[in-house]
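Q: What follows is start.pdb, made up of PDB, C-alpha atoms and all ligand atoms:
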```
ATOM      1  CA  MET F 197      82.084 -62.877  17.628
ATOM      2  CA  SER F 198      83.788 -66.064  18.825
ATOM      3  CA  HIS F 199      85.669 -68.457  16.548
ATOM      4  CA  ASP F 200      82.801 -70.909  16.953
ATOM      5  CA  GLU F 201      80.514 -68.578  15.048
ATOM      6  CA  ILE F 202      82.996 -68.173  12.209
ATOM      7  CA  ASN F 203      84.706 -71.554  11.783
ATOM      8  CA  PRO F 204      83.445 -75.059  12.350
ATOM      9  CA  PHE F 205      85.088 -77.007  15.156
ATOM     10  CA  ARG F 206      87.557 -79.254  13.377
ATOM     11  CA  ILE F 207      88.589 -82.771  14.326
ATOM     12  CA  ASP F 208      91.251 -84.605  12.306
ATOM     13  CA  ILE F 209      91.512 -88.337  12.941
ATOM     14  CA  PHE F 210      94.528 -90.366  11.796
ATOM     15  CA  SER F 211      94.087 -94.115  11.377
ATOM     16  CA  LEU F 212      95.269 -97.176   9.464
ATOM     17  CA  PHE F 213      91.622 -98.214   9.108
ATOM     18  CA  PRO F 214      89.664 -95.128   8.004
ATOM     19  CA  ALA F 215      86.691 -97.225   6.805
ATOM     20  CA  ILE F 216      85.817 -97.992  10.442
ATOM     21  CA  PHE F 217      84.624 -94.394  10.858
ATOM     22  CA  THR F 218      82.146 -94.367   7.989
ATOM     23  CA  GLY F 219      78.949 -95.097   9.924
ATOM     24  CA  PRO F 220      79.378 -93.485  13.336
ATOM     25  CA  MET F 221      80.800 -90.201  12.080
ATOM     26  CA  SER F 222      78.165 -89.723   9.386
ATOM     27  CA  GLU F 223      74.872 -90.362  11.145
ATOM     28  CA  SER F 224      72.511 -88.537  13.472
ATOM     29  CA  ILE F 225      73.812 -85.545  15.447
ATOM     30  CA  LEU F 226      77.352 -85.600  14.047
ATOM     31  CA  LYS F 227      75.933 -85.738  10.531
ATOM     32  CA  ARG F 228      73.701 -82.720  11.230
ATOM     33  CA  GLY F 229      76.579 -80.820  12.862
ATOM     34  CA  GLN F 230      78.720 -81.338   9.788
ATOM     35  CA  ALA F 231      75.898 -80.507   7.366
ATOM     36  CA  SER F 232      75.174 -77.244   9.194
ATOM     37  CA  GLY F 233      78.857 -76.247   9.146
ATOM     38  CA  THR F 234      79.264 -76.393  12.954
ATOM     39  CA  LEU F 235      81.558 -79.425  12.827
ATOM     40  CA  ASP F 236      84.248 -80.456  10.382
ATOM     41  CA  ILE F 237      85.428 -84.040  11.006
ATOM     42  CA  ARG F 238      88.092 -85.417   8.669
ATOM     43  CA  ILE F 239      89.488 -88.944   8.621
ATOM     44  CA  HIS F 240      93.002 -89.489   7.255
ATOM     45  CA  ASP F 241      94.638 -92.736   6.175
ATOM     46  CA  ILE F 242      98.122 -92.894   7.741
ATOM     47  CA  ARG F 243      99.224 -95.182   4.888
ATOM     48  CA  ASP F 244      98.989 -92.229   2.501
ATOM     49  CA  TRP F 245     102.197 -90.981   4.158
ATOM     50  CA  THR F 246     104.172 -94.253   3.849
ATOM     51  CA  GLN F 247     107.139 -94.280   1.511
ATOM     52  CA  ASP F 248     107.360 -97.802   0.079
ATOM     53  CA  ARG F 249     105.211 -99.540  -2.486
ATOM     54  CA  HIS F 250     103.773-101.914   0.139
ATOM     55  CA  ARG F 251     102.576 -98.899   2.172
ATOM     56  CA  THR F 252     104.257-100.310   5.288
ATOM     57  CA  ALA F 253     103.138 -98.537   8.454
ATOM     58  CA  ASP F 254     104.410-100.977  11.111
ATOM     59  CA  ASP F 255     107.533-102.920  11.988
ATOM     60  CA  THR F 256     108.908-105.326  14.608
ATOM     61  CA  PRO F 257     109.721-103.910  18.048
ATOM     62  CA  TYR F 258     113.294-103.033  19.025
ATOM     63  CA  GLY F 259     114.234-105.156  22.021
ATOM     64  CA  GLY F 260     112.078-108.039  20.807
ATOM     65  CA  GLY F 261     108.665-109.155  21.980
ATOM     66  CA  ALA F 262     105.324-109.973  20.444
ATOM     67  CA  GLY F 263     103.431-107.960  17.866
ATOM     68  CA  MET F 264     104.163-105.025  15.635
ATOM     69  CA  VAL F 265     104.714-101.357  16.374
ATOM     70  CA  MET F 266     103.382 -98.490  14.263
ATOM     71  CA  LYS F 267     106.257 -96.586  12.683
ATOM     72  CA  ALA F 268     106.835 -92.942  13.611
ATOM     73  CA  PRO F 269     107.535 -91.303  10.197
ATOM     74  CA  PRO F 270     104.159 -91.868   8.465
ATOM     75  CA  ILE F 271     102.241 -90.647  11.530
ATOM     76  CA  VAL F 272     104.399 -87.578  12.190
ATOM     77  CA  GLU F 273     104.401 -86.607   8.522
ATOM     78  CA  ALA F 274     100.643 -87.143   8.186
ATOM     79  CA  VAL F 275      99.884 -84.912  11.167
ATOM     80  CA  GLU F 276     102.327 -82.204  10.048
ATOM     81  CA  ALA F 277     100.982 -82.206   6.485
ATOM     82  CA  VAL F 278      97.327 -82.084   7.492
ATOM     83  CA  LEU F 279      97.634 -79.558  10.316
ATOM     84  CA  GLY F 280     100.178 -77.260   8.674
ATOM     85  CA  ASP F 281     100.457 -73.970  10.567
ATOM     86  CA  ALA F 282      97.572 -75.004  12.829
ATOM     87  CA  ILE F 283      99.827 -77.588  14.472
ATOM     88  CA  SER F 284     100.707 -75.197  17.292
ATOM     89  CA  THR F 285      97.070 -74.411  18.115
ATOM     90  CA  THR F 286      95.654 -77.934  17.745
ATOM     91  CA  HIS F 287      95.294 -80.249  20.715
ATOM     92  CA  ILE F 288      96.924 -83.456  19.490
ATOM     93  CA  ALA F 289      96.161 -86.693  21.341
ATOM     94  CA  ILE F 290      97.321 -90.269  20.880
ATOM     95  CA  MET F 291      94.801 -92.968  21.784
ATOM     96  CA  SER F 292      96.547 -95.122  24.372
ATOM     97  CA  ALA F 293      95.389 -97.740  26.885
ATOM     98  CA  GLY F 294      98.051 -96.353  29.213
ATOM     99  CA  GLY F 295      97.168 -92.669  28.773
ATOM    100  CA  ARG F 296      95.348 -90.316  31.131
ATOM    101  CA  ARG F 297      91.679 -91.113  31.567
ATOM    102  CA  PHE F 298      89.311 -89.238  29.253
ATOM    103  CA  THR F 299      86.421 -87.674  31.210
ATOM    104  CA  GLN F 300      83.539 -85.256  30.676
ATOM    105  CA  THR F 301      85.757 -82.535  32.177
ATOM    106  CA  LEU F 302      88.307 -83.120  29.408
ATOM    107  CA  ALA F 303      85.512 -83.246  26.804
ATOM    108  CA  ARG F 304      84.425 -79.757  27.928
ATOM    109  CA  GLU F 305      88.019 -78.535  27.906
ATOM    110  CA  PHE F 306      88.605 -79.827  24.353
ATOM    111  CA  ALA F 307      85.294 -78.430  23.053
ATOM    112  CA  ALA F 308      86.463 -74.971  24.123
ATOM    113  CA  LYS F 309      89.511 -75.246  21.857
ATOM    114  CA  SER F 310      89.426 -74.673  18.116
ATOM    115  CA  ARG F 311      90.865 -77.923  16.806
ATOM    116  CA  LEU F 312      91.516 -81.472  17.884
ATOM    117  CA  ALA F 313      93.676 -84.162  16.246
ATOM    118  CA  LEU F 314      93.315 -87.800  17.330
ATOM    119  CA  ILE F 315      95.852 -90.484  16.447
ATOM    120  CA  CYS F 316      94.728 -94.121  16.504
ATOM    121  CA  GLY F 317      97.187 -96.819  17.444
ATOM    122  CA  HIS F 318      96.917-100.476  16.438
ATOM    123  CA  TYR F 319      98.846-103.705  17.085
ATOM    124  CA  GLU F 320     101.198-103.187  20.079
ATOM    125  CA  GLY F 321     100.914 -99.426  19.802
ATOM    126  CA  ILE F 322     102.849 -96.491  18.372
ATOM    127  CA  ASP F 323     106.585 -95.719  18.365
ATOM    128  CA  ASP F 324     107.004 -93.601  21.489
ATOM    129  CA  ARG F 325     108.828 -90.835  19.616
ATOM    130  CA  VAL F 326     105.583 -89.735  17.923
ATOM    131  CA  GLY F 327     104.262 -88.292  21.178
ATOM    132  CA  HIS F 328     107.489 -86.412  21.868
ATOM    133  CA  ILE F 329     107.815 -84.972  18.370
ATOM    134  CA  LEU F 330     104.184 -83.841  18.191
ATOM    135  CA  ASN F 331     104.019 -82.813  21.839
ATOM    136  CA  ALA F 332     100.915 -84.967  22.102
ATOM    137  CA  ASP F 333      98.563 -85.808  24.923
ATOM    138  CA  GLU F 334      97.864 -89.532  25.565
ATOM    139  CA  LEU F 335      94.264 -90.477  26.282
ATOM    140  CA  SER F 336      92.615 -93.674  27.492
ATOM    141  CA  ILE F 337      88.835 -94.158  27.441
ATOM    142  CA  GLY F 338      88.943 -96.711  30.260
ATOM    143  CA  ASP F 339      90.928 -99.399  31.996
ATOM    144  CA  TYR F 340      90.672-102.113  29.360
ATOM    145  CA  VAL F 341      92.537-102.870  26.143
ATOM    146  CA  LEU F 342      90.890-102.577  22.723
ATOM    147  CA  THR F 343      92.295-103.794  19.405
ATOM    148  CA  GLY F 344      92.785-100.259  18.120
ATOM    149  CA  GLY F 345      92.384 -96.550  18.802
ATOM    150  CA  GLU F 346      89.497 -96.144  16.351
ATOM    151  CA  LEU F 347      86.705 -96.723  18.886
ATOM    152  CA  PRO F 348      88.367 -94.451  21.479
ATOM    153  CA  ALA F 349      88.773 -91.724  18.818
ATOM    154  CA  MET F 350      85.084 -92.050  17.963
ATOM    155  CA  VAL F 351      84.125 -91.876  21.625
ATOM    156  CA  ILE F 352      86.203 -88.745  22.146
ATOM    157  CA  ALA F 353      85.098 -87.084  18.881
ATOM    158  CA  ASP F 354      81.459 -87.804  19.708
ATOM    159  CA  SER F 355      81.543 -86.552  23.299
ATOM    160  CA  VAL F 356      83.483 -83.403  22.370
ATOM    161  CA  SER F 357      81.323 -82.668  19.299
ATOM    162  CA  ARG F 358      78.054 -82.593  21.220
ATOM    163  CA  LEU F 359      79.516 -79.923  23.535
ATOM    164  CA  VAL F 360      80.539 -77.642  20.656
ATOM    165  CA  PRO F 361      78.124 -74.681  20.678
ATOM    166  CA  GLY F 362      75.358 -75.126  18.115
ATOM    167  CA  VAL F 363      75.642 -78.902  17.706
ATOM    168  CA  ILE F 364      72.805 -79.723  20.100
ATOM    169  CA  ASP F 365      70.307 -77.747  22.102
ATOM    170  CA  ALA F 366      72.283 -75.927  24.845
ATOM    171  CA  GLU F 367      69.735 -76.905  27.507
ATOM    172  CA  SER F 368      70.352 -80.631  26.919
ATOM    173  CA  ILE F 369      73.927 -80.411  28.133
ATOM    174  CA  ILE F 370      73.447 -78.337  31.266
ATOM    175  CA  GLU F 371      72.078 -80.958  33.632
ATOM    176  CA  GLU F 372      73.354 -84.261  32.307
ATOM    177  CA  SER F 373      75.504 -86.911  33.980
ATOM    178  CA  HIS F 374      78.985 -85.799  34.978
ATOM    179  CA  SER F 375      78.171 -82.128  34.353
ATOM    180  CA  ALA F 376      78.140 -81.306  38.059
ATOM    181  CA  THR F 377      78.590 -84.145  40.494
ATOM    182  CA  GLY F 378      77.217 -87.602  40.000
ATOM    183  CA  VAL F 379      74.899 -88.952  37.351
ATOM    184  CA  GLU F 380      71.620 -87.747  35.915
ATOM    185  CA  TYR F 381      68.046 -88.414  37.125
ATOM    186  CA  PRO F 382      65.861 -91.026  35.321
ATOM    187  CA  HIS F 383      63.834 -90.081  32.237
ATOM    188  CA  TYR F 384      60.353 -91.179  31.167
ATOM    189  CA  THR F 385      58.173 -90.630  28.110
ATOM    190  CA  ARG F 386      54.813 -91.923  26.825
ATOM    191  CA  PRO F 387      53.044 -94.272  27.562
ATOM    192  CA  VAL F 388      52.284 -93.259  31.132
ATOM    193  CA  GLU F 389      51.970 -96.930  32.104
ATOM    194  CA  TYR F 390      53.924 -99.819  30.601
ATOM    195  CA  ARG F 391      53.850-103.423  31.828
ATOM    196  CA  GLY F 392      52.419-102.311  35.134
ATOM    197  CA  LEU F 393      55.042 -99.617  35.716
ATOM    198  CA  ARG F 394      53.697 -96.071  35.978
ATOM    199  CA  VAL F 395      55.620 -92.871  35.372
ATOM    200  CA  PRO F 396      56.140 -91.293  38.842
ATOM    201  CA  ASP F 397      53.135 -89.043  39.612
ATOM    202  CA  ILE F 398      55.361 -86.101  40.429
ATOM    203  CA  LEU F 399      56.439 -85.849  36.773
ATOM    204  CA  LEU F 400      52.793 -85.506  35.749
ATOM    205  CA  SER F 401      52.066 -82.874  38.402
ATOM    206  CA  GLY F 402      53.357 -79.853  36.480
ATOM    207  CA  HIS F 403      54.925 -78.580  39.745
ATOM    208  CA  HIS F 404      58.365 -77.505  38.520
ATOM    209  CA  ALA F 405      60.012 -76.891  41.901
ATOM    210  CA  ASN F 406      58.930 -80.297  43.201
ATOM    211  CA  ILE F 407      60.012 -81.996  39.977
ATOM    212  CA  GLU F 408      63.430 -80.380  40.235
ATOM    213  CA  ALA F 409      63.837 -81.463  43.878
ATOM    214  CA  TRP F 410      62.722 -85.021  43.010
ATOM    215  CA  ARG F 411      65.198 -85.169  40.113
ATOM    216  CA  ARG F 412      68.062 -84.014  42.347
ATOM    217  CA  GLU F 413      67.183 -86.697  44.882
ATOM    218  CA  GLN F 414      66.895 -89.398  42.190
ATOM    219  CA  GLY F 415      70.237 -88.348  40.679
ATOM    220  CA  ALA F 416      71.874 -88.708  44.107
ATOM    221  CA  GLU F 417      70.278 -92.147  44.583
ATOM    222  CA  ARG F 418      71.414 -93.373  41.181
ATOM    223  CA  THR F 419      74.914 -92.057  41.810
ATOM    224  CA  ALA F 420      75.090 -93.911  45.140
ATOM    225  CA  HIS F 421      73.764 -97.106  43.495
ATOM    226  CA  TRP F 422      75.709 -97.205  40.208
ATOM    227  CA  ARG F 423      78.701 -94.986  40.881
ATOM    228  CA  PRO F 424      79.562 -95.060  44.603
ATOM    229  CA  ASP F 425      83.109 -94.111  43.575
ATOM    230  CA  LEU F 426      81.766 -90.654  42.584
ATOM    231  CA  VAL F 427      80.117 -90.202  45.974
ATOM    232  CA  SER F 428      83.347 -90.861  47.840
ATOM    233  CA  GLU F 429      85.269 -88.621  45.387
ATOM    234  CA  ASP F 430      82.895 -85.731  46.189
ATOM    235  CA  GLU F 431      83.106 -86.300  49.907
ATOM    236  CA  SER F 432      86.881 -86.330  49.890
ATOM    237  CA  ASP F 433      87.003 -82.878  48.139
TER     238      ASP F 433
HETATM  239  C1  LIG F 501      96.103-103.615  21.457
HETATM  240  S1  LIG F 501      96.232-101.927  21.882
HETATM  241  C2  LIG F 501      97.888-101.797  22.484
HETATM  242  C3  LIG F 501      97.986-102.035  23.947
HETATM  243  C4  LIG F 501      99.382-101.761  24.484
HETATM  244  N1  LIG F 501     100.299-102.761  24.086
HETATM  245  C5  LIG F 501      99.317-101.656  26.003
HETATM  246  O1  LIG F 501      99.528-102.661  26.668
HETATM  247  O2  LIG F 501      98.994-100.545  26.519
HETATM  248  C6  LIG F 501      96.327-101.126  20.312
HETATM  249  C7  LIG F 501      95.884 -99.689  20.293
HETATM  250  O3  LIG F 501      94.544 -99.596  20.691
HETATM  251  C8  LIG F 501      94.313 -98.339  21.306
HETATM  252  N2  LIG F 501      93.688 -98.598  22.619
HETATM  253  C9  LIG F 501      93.473 -99.805  23.191
HETATM  254  N3  LIG F 501      92.830 -99.670  24.363
HETATM  255  C10 LIG F 501      92.608 -98.354  24.541
HETATM  256  C11 LIG F 501      91.990 -97.581  25.560
HETATM  257  N4  LIG F 501      91.455 -98.145  26.643
HETATM  258  N5  LIG F 501      91.936 -96.243  25.404
HETATM  259  C12 LIG F 501      92.483 -95.644  24.325
HETATM  260  N6  LIG F 501      93.099 -96.313  23.325
HETATM  261  C13 LIG F 501      93.160 -97.657  23.426
HETATM  262  C14 LIG F 501      95.630 -97.606  21.369
HETATM  263  O4  LIG F 501      95.692 -96.696  20.293
HETATM  264  C15 LIG F 501      96.630 -98.734  21.186
HETATM  265  O5  LIG F 501      97.821 -98.284  20.596
END
```
What would the structure in this file look like if it were written as structure tokens?
Ligand SMILES: C[S@@+](CC[C@H](N)C(=O)[O-])C[C@H]1O[C@@H](n2cnc3c(N)ncnc32)[C@H](O)[C@@H]1O
A:
Amino acid sequence: MSHDEINPFRIDIFSLFPAIFTGPMSESILKRGQASGTLDIRIHDIRDWTQDRHRTADDTPYGGGAGMVMKAPPIVEAVEAVLGDAISTTHIAIMSAGGRRFTQTLAREFAAKSRLALICGHYEGIDDRVGHILNADELSIGDYVLTGGELPAMVIADSVSRLVPGVIDAESIIEESHSATGVEYPHYTRPVEYRGLRVPDILLSGHHANIEAWRREQGAERTAHWRPDLVSEDESD
């Protein structure tokens, strides 16, 4: 029996703004995954580990410059307290615009682990020592700058959660975009005709081999159209 069958997959998220997570982490598939005991997602307020009565979690940057920097002690102490002995077996990642790019390959890699801890930065970012002390990964969800790490943490938690065995139907995640090369084929559902556009006849034919071939071809066309960068990546392999 694997650990997945015994324990839920646990994600701990550390943030200065825990209320941001209320909706997205408690609806739809993630809600069902948590209700069924497959997922265990916990949000922690970093300010609970501050030491002064103002619950100060940030300070001015050494060396000068604009903005505030999130202090190391509350974050390090929060992660150590929450993870306890599991700290050595948990994949800890700091959300960072300058980190390595988060991809579906990493989502699959993380879903195969037992625990994930995500640390959300804000303001100018986090004191660099946090990453060294916690031996943390740094992840970016794309080449743009957001106001905080909360949305990236939600993106990562969501994409990893749906790959955890038992969260969604296993068949749904076999053929989707980025699972092999390129993006997925187009989908259609009722009505068969809408505003003059008909569902392609082949999908109504019931001929599974032809449908599969058509979907492969459509996936390749969509990849070339929307993500030509993936086509050249594959060709250079
Ligand atoms: C305003 S940003 C800080 C940007 C930082 N000064 C820089 O230039 O890289 C505040 C926080 O948002 C998060 N963040 C912003 N963009 C992100 C991205 N593309 N991926 C992951 N986290 C991001 C990080 O946690 C970051 O510490």
Q: For Glu320 (chain F), which residue out of F:Arg238, F:Lys267, F:Arg418, F:His287 is the nearest one, using all atoms listed in the file?
A: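 When distances to Glu320 (chain F) are compared using all atoms listed in the file, the smallest one comes from F:Lys267.
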Q: Mind checking which residues fall within 6 Å of Val379 (chain F), counting all atoms listed in the file, ignoring those fewer than 4 positions away in the same chain, and posting them as a VMD selection string?
A: chain F and resid 373 to 374 415 419
Q: Take the residues just selected and output them with C-alpha atoms as a PDB file, keeping the file's coordinate frame.
A:
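To be explicit, this is the file written out as out_33.pdb:
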```pdb
ATOM      1  CA  SER F 373      75.504 -86.911  33.980  1.00  0.00           C
ATOM      2  CA  HIS F 374      78.985 -85.799  34.978  1.00  0.00           C
ATOM      3  CA  GLY F 415      70.237 -88.348  40.679  1.00  0.00           C
ATOM      4  CA  THR F 419      74.914 -92.057  41.810  1.00  0.00           C
TER       5      THR F 419
END
```
Q: Name the residues captured by the PyMOL selection byres (((not hetatm)) within 9 of (chain F and resi 501)) when it is applied to the shown file; answer as an MDAnalysis selection string.
A: chainID F and resid 263 265:266 290:298 315:322 334:349
Q: Please determine, counting all atoms listed in the file, which residue among F:Ile242, F:Ala416, F:Leu302, F:Met350 has the shortest atom-to-atom distance to Ala277 (chain F).
A: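 Counting all atoms listed in the file, the residue closest to Ala277 (chain F) is F:Ile242.
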Q: At what distance in Å, to one decimal, does CA of Ala307 (chain F) lie from CA of Val356 (chain F)?
A: 5.3 Å
Q: Would you list the contacts of Phe306 (chain F) as a list in words, taking every protein, DNA or RNA residue within 10 Å and counting all atoms listed in the file, but skipping same-chain residues closer than 4 positions in sequence?
A: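 That gives Thr286, His287, Gln300, Thr301, Leu302, Ser310, Arg311, Leu312, Ile352, Ala353, Ser355, Val356, Ser357, Leu359 and Val360 of chain F.
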Q: What does the structure give for the distance between CA of Asp248 (chain F) and CA of Ala282 (chain F), in Å to one decimal?
A: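 We find that CA of Asp248 (chain F) and CA of Ala282 (chain F) lie 27.9 Å from each other.
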Q: Select, from F:Glu371, F:His421, F:Val351, F:Pro361, the residue with the minimum atom-to-atom distance to Ala308 (chain F), counting only C-alpha atoms.
A: F:Pro361
Q: Written as a PyMOL selection string, which residues does the PyMOL selection byres (((chain F and resi 417) around 12) and not hetatm) give for the file shown?
A: chain F and resi 378-382+410-416+418-424+426-427
Q: Here's the selection I'm unsure about, the PyMOL selection byres (((chain F and resi 241) around 10) and not hetatm); applied to the file above, which residues does it give, as an NGL selection string?
A: :F and (209-215 or 239-240 or 242-246 or 270-271 or 274)
Q: If you keep C-alpha atoms, can you produce a file of those selected residues as an mmCIF file, keeping the file's coordinate frame?
A:
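Ended up saving to out_22.cif:
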```
data_model
loop_
_atom_site.group_PDB
_atom_site.id
_atom_site.type_symbol
_atom_site.label_atom_id
_atom_site.label_comp_id
_atom_site.auth_asym_id
_atom_site.auth_seq_id
_atom_site.Cartn_x
_atom_site.Cartn_y
_atom_site.Cartn_z
ATOM 1 C CA ILE F 209 91.512 -88.337 12.941
ATOM 2 C CA PHE F 210 94.528 -90.366 11.796
ATOM 3 C CA SER F 211 94.087 -94.115 11.377
ATOM 4 C CA LEU F 212 95.269 -97.176 9.464
ATOM 5 C CA PHE F 213 91.622 -98.214 9.108
ATOM 6 C CA PRO F 214 89.664 -95.128 8.004
ATOM 7 C CA ALA F 215 86.691 -97.225 6.805
ATOM 8 C CA ILE F 239 89.488 -88.944 8.621
ATOM 9 C CA HIS F 240 93.002 -89.489 7.255
ATOM 10 C CA ILE F 242 98.122 -92.894 7.741
ATOM 11 C CA ARG F 243 99.224 -95.182 4.888
ATOM 12 C CA ASP F 244 98.989 -92.229 2.501
ATOM 13 C CA TRP F 245 102.197 -90.981 4.158
ATOM 14 C CA THR F 246 104.172 -94.253 3.849
ATOM 15 C CA PRO F 270 104.159 -91.868 8.465
ATOM 16 C CA ILE F 271 102.241 -90.647 11.530
ATOM 17 C CA ALA F 274 100.643 -87.143 8.186
#
```
Q: Just the number, please: distance in Å from CA of Arg304 (chain F) to CA of Ser375 (chain F), one decimal.
A: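 Calculated distance between CA of Arg304 (chain F) and CA of Ser375 (chain F) is 9.3 Å.
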Q: For Glu273 (chain F), which residue among F:Ala303, F:Leu330, F:Ile237, F:Ile288 is the nearest when counting only C-alpha atoms?
A: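 Of F:Ala303, F:Leu330, F:Ile237, F:Ile288, the one nearest Glu273 (chain F), counting only C-alpha atoms, is F:Leu330.
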Q: Of the residues F:Phe217, F:Pro204, F:Gly229, F:Glu223, which is the one nearest to Ile364 (chain F), using only C-alpha atoms?
A: F:Gly229
Q: From the set F:Arg358, F:Arg249, F:His404, F:His328, which residue has the shortest atom-to-atom contact distance to Leu235 (chain F), counting all atoms listed in the file?
A: F:Arg358
